[in-house]
>>> print(open('input10.cif').read())   # mmCIF, C-alpha atoms and all ligand atoms
data_protein
loop_
_atom_site.group_PDB
_atom_site.id
_atom_site.type_symbol
_atom_site.label_atom_id
_atom_site.label_comp_id
_atom_site.auth_asym_id
_atom_site.auth_seq_id
_atom_site.Cartn_x
_atom_site.Cartn_y
_atom_site.Cartn_z
ATOM 1 C CA MET N 154 -176.656 -55.619 172.605
ATOM 2 C CA ALA N 155 -174.268 -58.328 173.708
ATOM 3 C CA ALA N 156 -170.678 -57.291 174.109
ATOM 4 C CA VAL N 157 -168.375 -58.499 171.405
ATOM 5 C CA PRO N 158 -166.008 -60.985 173.040
ATOM 6 C CA ARG N 159 -162.430 -59.890 172.835
ATOM 7 C CA MET N 160 -160.369 -62.213 170.695
ATOM 8 C CA VAL N 161 -156.674 -62.592 171.331
ATOM 9 C CA VAL N 162 -154.806 -64.820 168.937
ATOM 10 C CA ASN N 163 -151.093 -65.322 168.700
ATOM 11 C CA VAL N 164 -150.060 -66.323 165.210
ATOM 12 C CA ALA N 165 -146.504 -67.545 164.836
ATOM 13 C CA GLN N 166 -144.291 -65.793 162.289
ATOM 14 C CA PRO N 167 -142.824 -68.505 160.023
ATOM 15 C CA VAL N 168 -139.036 -68.393 160.097
ATOM 16 C CA ILE N 169 -136.055 -70.206 158.600
ATOM 17 C CA ALA N 170 -132.887 -70.974 160.555
ATOM 18 C CA ILE N 171 -129.754 -69.036 159.564
ATOM 19 C CA ALA N 172 -126.667 -71.234 159.471
ATOM 20 C CA GLY N 173 -123.975 -70.511 162.024
ATOM 21 C CA THR N 174 -126.177 -68.251 164.146
ATOM 22 C CA THR N 175 -129.117 -68.410 166.533
ATOM 23 C CA ASP N 176 -130.879 -65.836 164.346
ATOM 24 C CA VAL N 177 -133.837 -66.685 162.172
ATOM 25 C CA PHE N 178 -135.119 -65.281 158.877
ATOM 26 C CA PRO N 179 -138.800 -64.233 158.938
ATOM 27 C CA VAL N 180 -140.658 -65.507 155.888
ATOM 28 C CA ARG N 181 -143.050 -63.096 154.200
ATOM 29 C CA ARG N 182 -143.934 -64.934 150.992
ATOM 30 C CA ILE N 183 -142.862 -68.122 149.245
ATOM 31 C CA TYR N 184 -142.674 -67.792 145.466
ATOM 32 C CA CYS N 185 -142.007 -70.818 143.267
ATOM 33 C CA ILE N 186 -141.182 -70.935 139.560
ATOM 34 C CA GLY N 187 -142.692 -73.674 137.410
ATOM 35 C CA ARG N 188 -140.879 -75.837 134.823
ATOM 36 C CA ASN N 189 -137.511 -74.090 135.020
ATOM 37 C CA TYR N 190 -135.334 -76.963 133.786
ATOM 38 C CA ALA N 191 -135.949 -77.985 130.166
ATOM 39 C CA ALA N 192 -135.906 -81.740 130.795
ATOM 40 C CA HIS N 193 -138.404 -81.346 133.661
ATOM 41 C CA ALA N 194 -140.670 -79.183 131.505
ATOM 42 C CA ARG N 195 -140.679 -81.963 128.909
ATOM 43 C CA GLU N 196 -141.540 -84.633 131.479
ATOM 44 C CA MET N 197 -144.467 -82.441 132.603
ATOM 45 C CA GLY N 198 -145.717 -82.393 129.005
ATOM 46 C CA ALA N 199 -144.709 -78.771 128.352
ATOM 47 C CA ASP N 200 -142.610 -77.114 125.657
ATOM 48 C CA PRO N 201 -139.271 -76.200 127.241
ATOM 49 C CA THR N 202 -138.486 -73.332 124.901
ATOM 50 C CA ARG N 203 -138.028 -69.988 126.589
ATOM 51 C CA GLU N 204 -141.648 -69.158 127.219
ATOM 52 C CA PRO N 205 -142.154 -66.483 129.858
ATOM 53 C CA PRO N 206 -141.637 -67.986 133.303
ATOM 54 C CA PHE N 207 -144.672 -68.564 135.511
ATOM 55 C CA PHE N 208 -144.891 -68.501 139.276
ATOM 56 C CA PHE N 209 -147.111 -69.752 142.067
ATOM 57 C CA GLN N 210 -147.029 -69.267 145.827
ATOM 58 C CA LYS N 211 -147.062 -71.424 148.889
ATOM 59 C CA PRO N 212 -148.256 -70.029 152.230
ATOM 60 C CA ALA N 213 -145.351 -68.895 154.430
ATOM 61 C CA ASP N 214 -146.318 -71.392 157.112
ATOM 62 C CA ALA N 215 -145.754 -74.287 154.690
ATOM 63 C CA ILE N 216 -142.093 -74.042 155.796
ATOM 64 C CA GLN N 217 -140.713 -77.100 157.576
ATOM 65 C CA ASN N 218 -137.279 -76.322 159.026
ATOM 66 C CA VAL N 219 -134.847 -79.236 158.778
ATOM 67 C CA ALA N 220 -131.552 -79.091 160.670
ATOM 68 C CA PRO N 221 -128.458 -80.373 158.828
ATOM 69 C CA GLY N 222 -127.342 -83.828 159.903
ATOM 70 C CA THR N 223 -130.877 -84.777 160.930
ATOM 71 C CA VAL N 224 -133.662 -86.660 159.172
ATOM 72 C CA ALA N 225 -136.872 -84.776 159.871
ATOM 73 C CA ASP N 226 -140.197 -86.602 160.018
ATOM 74 C CA HIS N 227 -142.367 -85.249 157.201
ATOM 75 C CA PRO N 228 -146.094 -86.004 157.294
ATOM 76 C CA TYR N 229 -147.507 -87.734 154.224
ATOM 77 C CA PRO N 230 -150.394 -85.411 153.322
ATOM 78 C CA THR N 231 -154.074 -86.202 153.001
ATOM 79 C CA LEU N 232 -155.986 -86.609 149.725
ATOM 80 C CA THR N 233 -153.080 -87.834 147.569
ATOM 81 C CA SER N 234 -151.817 -91.174 146.356
ATOM 82 C CA ASN N 235 -149.029 -89.717 144.185
ATOM 83 C CA TYR N 236 -146.831 -87.562 146.436
ATOM 84 C CA HIS N 237 -143.762 -86.181 144.630
ATOM 85 C CA TYR N 238 -140.406 -84.671 145.591
ATOM 86 C CA GLU N 239 -138.856 -81.678 143.777
ATOM 87 C CA VAL N 240 -135.395 -80.610 144.979
ATOM 88 C CA GLU N 241 -134.769 -76.896 144.441
ATOM 89 C CA LEU N 242 -132.289 -74.107 145.154
ATOM 90 C CA VAL N 243 -133.996 -71.491 147.330
ATOM 91 C CA ALA N 244 -132.975 -67.821 147.315
ATOM 92 C CA ALA N 245 -133.946 -65.664 150.314
ATOM 93 C CA LEU N 246 -134.304 -61.921 149.741
ATOM 94 C CA GLY N 247 -132.874 -59.338 152.136
ATOM 95 C CA LYS N 248 -133.950 -56.487 149.859
ATOM 96 C CA GLY N 249 -136.905 -56.059 147.535
ATOM 97 C CA GLY N 250 -138.301 -53.665 145.018
ATOM 98 C CA ARG N 251 -140.313 -53.287 141.828
ATOM 99 C CA ASP N 252 -139.041 -53.751 138.275
ATOM 100 C CA ILE N 253 -135.634 -54.886 139.483
ATOM 101 C CA PRO N 254 -133.217 -55.164 136.531
ATOM 102 C CA PRO N 255 -131.734 -58.682 136.380
ATOM 103 C CA GLU N 256 -128.205 -57.250 136.477
ATOM 104 C CA ARG N 257 -128.991 -55.747 139.903
ATOM 105 C CA ALA N 258 -131.203 -58.575 141.155
ATOM 106 C CA LEU N 259 -128.574 -60.607 142.992
ATOM 107 C CA GLU N 260 -128.000 -57.608 145.273
ATOM 108 C CA CYS N 261 -131.399 -58.537 146.758
ATOM 109 C CA VAL N 262 -130.335 -62.076 147.658
ATOM 110 C CA TYR N 263 -129.498 -62.460 151.342
ATOM 111 C CA ALA N 264 -128.803 -66.204 151.375
ATOM 112 C CA TYR N 265 -129.402 -69.571 149.730
ATOM 113 C CA ALA N 266 -130.728 -72.898 151.014
ATOM 114 C CA VAL N 267 -131.762 -76.341 149.790
ATOM 115 C CA GLY N 268 -135.522 -76.790 149.650
ATOM 116 C CA LEU N 269 -138.152 -79.313 148.622
ATOM 117 C CA ASP N 270 -141.259 -78.254 146.692
ATOM 118 C CA MET N 271 -143.387 -81.194 147.815
ATOM 119 C CA THR N 272 -146.290 -81.795 145.461
ATOM 120 C CA ARG N 273 -149.531 -83.755 145.450
ATOM 121 C CA ARG N 274 -148.951 -84.579 141.781
ATOM 122 C CA ASP N 275 -152.316 -86.255 141.242
ATOM 123 C CA LEU N 276 -154.179 -83.214 142.529
ATOM 124 C CA GLN N 277 -151.901 -80.761 140.694
ATOM 125 C CA ARG N 278 -152.477 -82.589 137.410
ATOM 126 C CA ALA N 279 -156.239 -82.792 137.969
ATOM 127 C CA SER N 280 -156.320 -79.061 138.711
ATOM 128 C CA GLY N 281 -154.495 -78.314 135.481
ATOM 129 C CA ASP N 282 -156.713 -80.624 133.454
ATOM 130 C CA GLN N 283 -159.808 -78.928 134.900
ATOM 131 C CA LYS N 284 -158.349 -75.394 134.560
ATOM 132 C CA LYS N 285 -158.561 -74.973 138.333
ATOM 133 C CA PRO N 286 -155.988 -73.363 140.671
ATOM 134 C CA TRP N 287 -152.967 -75.364 141.793
ATOM 135 C CA GLU N 288 -153.185 -74.654 145.535
ATOM 136 C CA ILE N 289 -154.415 -78.062 146.621
ATOM 137 C CA GLY N 290 -151.528 -79.715 144.779
ATOM 138 C CA LYS N 291 -148.764 -77.303 145.765
ATOM 139 C CA SER N 292 -149.677 -75.017 148.647
ATOM 140 C CA PHE N 293 -150.617 -77.281 151.538
ATOM 141 C CA ASP N 294 -149.298 -77.649 155.092
ATOM 142 C CA HIS N 295 -145.617 -78.679 155.446
ATOM 143 C CA SER N 296 -145.128 -78.598 151.662
ATOM 144 C CA ALA N 297 -141.859 -76.625 151.866
ATOM 145 C CA PRO N 298 -139.142 -78.486 153.812
ATOM 146 C CA ILE N 299 -135.984 -76.349 153.867
ATOM 147 C CA GLY N 300 -132.484 -76.393 155.299
ATOM 148 C CA PRO N 301 -130.832 -73.419 157.004
ATOM 149 C CA LEU N 302 -130.029 -70.274 155.027
ATOM 150 C CA HIS N 303 -126.381 -69.666 154.134
ATOM 151 C CA PRO N 304 -125.690 -65.910 153.856
ATOM 152 C CA ALA N 305 -122.023 -66.466 152.973
ATOM 153 C CA LEU N 306 -123.075 -67.900 149.611
ATOM 154 C CA ALA N 307 -124.986 -64.775 148.617
ATOM 155 C CA ALA N 308 -121.762 -63.309 147.219
ATOM 156 C CA ALA N 309 -121.745 -65.974 144.487
ATOM 157 C CA PRO N 310 -124.356 -66.202 141.725
ATOM 158 C CA MET N 311 -125.046 -69.952 142.341
ATOM 159 C CA GLY N 312 -125.236 -70.297 138.558
ATOM 160 C CA GLU N 313 -123.705 -73.745 138.521
ATOM 161 C CA GLY N 314 -123.149 -76.682 140.821
ATOM 162 C CA ALA N 315 -124.481 -80.174 141.235
ATOM 163 C CA ILE N 316 -128.069 -80.619 142.428
ATOM 164 C CA TRP N 317 -129.278 -84.122 143.242
ATOM 165 C CA LEU N 318 -131.887 -86.037 145.214
ATOM 166 C CA LYS N 319 -131.827 -89.612 146.483
ATOM 167 C CA VAL N 320 -134.668 -91.759 147.787
ATOM 168 C CA ASN N 321 -133.486 -94.545 150.104
ATOM 169 C CA HIS N 322 -129.890 -93.944 148.883
ATOM 170 C CA VAL N 323 -130.847 -94.327 145.189
ATOM 171 C CA VAL N 324 -130.234 -91.286 142.944
ATOM 172 C CA LYS N 325 -133.517 -90.076 141.448
ATOM 173 C CA GLN N 326 -132.799 -86.505 140.345
ATOM 174 C CA SER N 327 -129.341 -85.357 139.219
ATOM 175 C CA SER N 328 -128.567 -82.178 137.309
ATOM 176 C CA ASN N 329 -126.692 -78.908 137.501
ATOM 177 C CA LEU N 330 -127.887 -75.431 138.475
ATOM 178 C CA SER N 331 -126.533 -74.302 135.097
ATOM 179 C CA GLN N 332 -129.479 -76.108 133.469
ATOM 180 C CA MET N 333 -132.022 -73.594 134.781
ATOM 181 C CA ILE N 334 -133.938 -71.916 131.953
ATOM 182 C CA TRP N 335 -134.350 -68.697 133.969
ATOM 183 C CA SER N 336 -131.541 -67.770 136.380
ATOM 184 C CA VAL N 337 -132.284 -66.627 139.918
ATOM 185 C CA ALA N 338 -131.497 -63.060 138.817
ATOM 186 C CA GLU N 339 -133.939 -63.328 135.901
ATOM 187 C CA GLN N 340 -136.585 -64.822 138.194
ATOM 188 C CA ILE N 341 -136.244 -61.876 140.582
ATOM 189 C CA GLY N 342 -136.512 -59.487 137.646
ATOM 190 C CA ARG N 343 -139.680 -61.122 136.318
ATOM 191 C CA LEU N 344 -141.307 -61.554 139.722
ATOM 192 C CA SER N 345 -140.697 -57.905 140.582
ATOM 193 C CA GLN N 346 -142.698 -56.878 137.512
ATOM 194 C CA ALA N 347 -145.734 -58.693 138.903
ATOM 195 C CA PHE N 348 -145.267 -58.141 142.653
ATOM 196 C CA GLU N 349 -143.358 -55.690 144.829
ATOM 197 C CA LEU N 350 -140.729 -57.945 146.336
ATOM 198 C CA MET N 351 -139.881 -57.434 149.993
ATOM 199 C CA PRO N 352 -137.285 -58.583 152.505
ATOM 200 C CA GLY N 353 -138.485 -61.951 153.801
ATOM 201 C CA ASP N 354 -139.576 -63.235 150.408
ATOM 202 C CA ILE N 355 -138.044 -66.526 149.307
ATOM 203 C CA ILE N 356 -137.960 -68.039 145.825
ATOM 204 C CA PHE N 357 -137.943 -71.748 144.994
ATOM 205 C CA SER N 358 -136.030 -71.739 141.705
ATOM 206 C CA GLY N 359 -137.415 -74.880 140.068
ATOM 207 C CA THR N 360 -136.578 -78.566 139.955
ATOM 208 C CA PRO N 361 -134.672 -80.711 137.466
ATOM 209 C CA GLU N 362 -136.113 -83.731 135.693
ATOM 210 C CA ASN N 363 -137.045 -87.131 137.137
ATOM 211 C CA VAL N 364 -139.500 -86.082 139.789
ATOM 212 C CA GLY N 365 -141.301 -89.041 141.267
ATOM 213 C CA PRO N 366 -143.383 -90.487 144.084
ATOM 214 C CA VAL N 367 -142.542 -91.400 147.660
ATOM 215 C CA VAL N 368 -144.445 -93.417 150.256
ATOM 216 C CA ARG N 369 -144.410 -93.562 154.053
ATOM 217 C CA GLY N 370 -141.071 -94.834 155.321
ATOM 218 C CA ASP N 371 -139.043 -93.454 152.422
ATOM 219 C CA VAL N 372 -136.057 -91.215 153.208
ATOM 220 C CA ILE N 373 -135.307 -88.332 150.834
ATOM 221 C CA GLU N 374 -131.806 -86.791 150.805
ATOM 222 C CA CYS N 375 -131.158 -83.611 148.818
ATOM 223 C CA HIS N 376 -127.871 -81.999 147.825
ATOM 224 C CA ILE N 377 -126.702 -78.759 146.237
ATOM 225 C CA ASP N 378 -122.972 -78.051 146.008
ATOM 226 C CA GLY N 379 -121.873 -75.680 148.768
ATOM 227 C CA LEU N 380 -124.869 -76.332 151.029
ATOM 228 C CA PRO N 381 -125.445 -79.030 153.683
ATOM 229 C CA ASN N 382 -127.691 -81.891 152.620
ATOM 230 C CA LEU N 383 -131.387 -81.831 153.497
ATOM 231 C CA SER N 384 -133.066 -85.080 154.610
ATOM 232 C CA ILE N 385 -136.653 -85.994 155.470
ATOM 233 C CA ARG N 386 -138.459 -89.260 156.250
ATOM 234 C CA LEU N 387 -142.071 -89.721 155.123
ATOM 235 C CA VAL N 388 -144.301 -90.639 158.066
HETATM 236 MN MN MN N 401 -141.146 -76.945 141.893
#
>>> encode(input="input10.cif", output="structure tokens")
Amino acid sequence: MAAVPRMVVNVAQPVIAIAGTTDVFPVRRIYCIGRNYAAHAREMGADPTREPPFFFQKPADAIQNVAPGTVADHPYPTLTSNYHYEVELVAALGKGGRDIPPERALECVYAYAVGLDMTRRDLQRASGDQKKPWEIGKSFDHSAPIGPLHPALAAAPMGEGAIWLKVNHVVKQSSNLSQMIWSVAEQIGRLSQAFELMPGDIIFSGTPENVGPVVRGDVIECHIDGLPNLSIRLV
């Protein structure tokens, strides 16, 4: 019998930069909440009343680290002709658990960052129409650009503050974190009923209304009060 060849593979641990340090945050899972701002739910054709929240995941290696003050090249993905931005507050967990009560949930938050839930909208919509999974529309390579994590902000609930996104200096999305249907604490509570949350998990907390398409050459700039802006250029 032929010997089984020994296979040695080094797989990189996805990480996110931690602001003000040379340390990095290892990413275990990326959870994302859907339709968490009422006006965005309406534009997606959904009823924005307080239905139970729903979640999806991106692979951890979908992270694209973007340093503040830089404009990172972001590859326009294959298979889409309707590539959308979604600016979102991201919470990174330093503690986990099961059935975490919302009033204790913010104790799990290690830091916050600005993130983009990049979306192949045409493929996401087709998946929904055909009752197929969303992965091809949401969970592809480089689909999660993110700025550095800011641990100092974890002391605050991040329950309000401006959130906006510009394309080529024109405001496209503009809202307030206070418009979330489900707060970060409530999201952690709900998620922890379905999954055991662990340190290294991050949560994209949903996007406000007025999502829209970008093309190669466009520059996206994202802002959340208290965090440095996040910028990418489509290439
Ligand atoms: Mn989203």
>>> atom_distance(input="input10.cif", atom1="CA of Thr174 (chain N)", atom2="CA of Pro304 (chain N)")
10.6 Å
>>> residues_near_ligand(input="input10.cif", ligand="ligand MN 401 (chain N)", cutoff="8 Å", atoms="only C-alpha atoms and all ligand atoms", output="list in words")
Cys185, Ile186, Gly187, Arg188, Glu239, Val240, Glu241, Leu269, Asp270, Met271, Thr272, Phe357, Ser358, Gly359 and Thr360 of chain N
>>> write_last_selection(input="input10.cif", atoms="C-alpha atoms", output="PDB file, in the frame of the given file")
ATOM      1  CA  CYS N 185    -142.007 -70.818 143.267  1.00  0.00           C
ATOM      2  CA  ILE N 186    -141.182 -70.935 139.560  1.00  0.00           C
ATOM      3  CA  GLY N 187    -142.692 -73.674 137.410  1.00  0.00           C
ATOM      4  CA  ARG N 188    -140.879 -75.837 134.823  1.00  0.00           C
ATOM      5  CA  GLU N 239    -138.856 -81.678 143.777  1.00  0.00           C
ATOM      6  CA  VAL N 240    -135.395 -80.610 144.979  1.00  0.00           C
ATOM      7  CA  GLU N 241    -134.769 -76.896 144.441  1.00  0.00           C
ATOM      8  CA  LEU N 269    -138.152 -79.313 148.622  1.00  0.00           C
ATOM      9  CA  ASP N 270    -141.259 -78.254 146.692  1.00  0.00           C
ATOM     10  CA  MET N 271    -143.387 -81.194 147.815  1.00  0.00           C
ATOM     11  CA  THR N 272    -146.290 -81.795 145.461  1.00  0.00           C
ATOM     12  CA  PHE N 357    -137.943 -71.748 144.994  1.00  0.00           C
ATOM     13  CA  SER N 358    -136.030 -71.739 141.705  1.00  0.00           C
ATOM     14  CA  GLY N 359    -137.415 -74.880 140.068  1.00  0.00           C
ATOM     15  CA  THR N 360    -136.578 -78.566 139.955  1.00  0.00           C
TER      16      THR N 360
END
>>> atom_distance(input="input10.cif", atom1="CA of Ile253 (chain N)", atom2="CA of Leu302 (chain N)")
22.6 Å
>>> resolve_selection(input="input10.cif", expression="the PyMOL selection byres (((chain N and resi 214) around 12) and not hetatm)", output="VMD selection string")
chain N and resid 164 to 169 179 to 183 210 to 213 215 to 218 292 to 299
>>> residues_around(input="input10.cif", residues="Ala192 (chain N)", least_positions_apart="2", cutoff="9 Å", atoms="only C-alpha atoms", output="PDB file with C-alpha atoms, keeping the file's coordinate frame")
ATOM      1  CA  ARG N 188    -140.879 -75.837 134.823  1.00  0.00           C
ATOM      2  CA  ASN N 189    -137.511 -74.090 135.020  1.00  0.00           C
ATOM      3  CA  TYR N 190    -135.334 -76.963 133.786  1.00  0.00           C
ATOM      4  CA  ALA N 194    -140.670 -79.183 131.505  1.00  0.00           C
ATOM      5  CA  ARG N 195    -140.679 -81.963 128.909  1.00  0.00           C
ATOM      6  CA  GLU N 196    -141.540 -84.633 131.479  1.00  0.00           C
ATOM      7  CA  MET N 197    -144.467 -82.441 132.603  1.00  0.00           C
ATOM      8  CA  PRO N 201    -139.271 -76.200 127.241  1.00  0.00           C
ATOM      9  CA  GLN N 332    -129.479 -76.108 133.469  1.00  0.00           C
ATOM     10  CA  PRO N 361    -134.672 -80.711 137.466  1.00  0.00           C
ATOM     11  CA  GLU N 362    -136.113 -83.731 135.693  1.00  0.00           C
ATOM     12  CA  ASN N 363    -137.045 -87.131 137.137  1.00  0.00           C
TER      13      ASN N 363
END
>>> resolve_selection(input="input10.cif", expression="the PyMOL selection byres (((chain N and resi 376-388) around 7) and not hetatm)", output="number ranges by chain")
N: 219, 221, 223-229, 266-267, 300, 314-318, 368-375
>>> resolve_selection(input="input10.cif", expression="the PyMOL selection byres (((chain N and resi 244-248) around 7) and not hetatm)", output="NGL selection string")
:N and (242-243 or 249 or 261-266 or 351-357)
>>> atom_distance(input="input10.cif", atom1="CA of Tyr184 (chain N)", atom2="CA of Phe208 (chain N)")
6.6 Å
>>> residues_around(input="input10.cif", residues="Ala347 (chain N)", least_positions_apart="5", cutoff="10 Å", atoms="only C-alpha atoms", output="PyMOL selection string")
chain N and resi 208+251-252+342
>>> residues_around(input="input10.cif", residues="Pro286 (chain N)", least_positions_apart="4", cutoff="12 Å", atoms="only C-alpha atoms", output="list in words")
Phe209, Gln210, Leu276, Gln277, Arg278, Ala279, Ser280, Gly281, Asp282, Gly290, Lys291 and Ser292 of chain N
>>> residues_near_point(input="input10.cif", point="(-129.6, -61.1, 131.1)", cutoff="12 Å", atoms="all atoms listed in the file", output="ChimeraX atom specification")
/N:254-259,334-343
>>> closest_residue(input="input10.cif", among="N:Gly222, N:Pro366, N:Pro206, N:Gly250", to="Met333 (chain N)", atoms="all atoms listed in the file")
N:Pro206
>>> closest_residue(input="input10.cif", among="N:Leu344, N:Val364, N:Ala307, N:Pro301", to="Lys319 (chain N)", atoms="all atoms listed in the file")
N:Val364
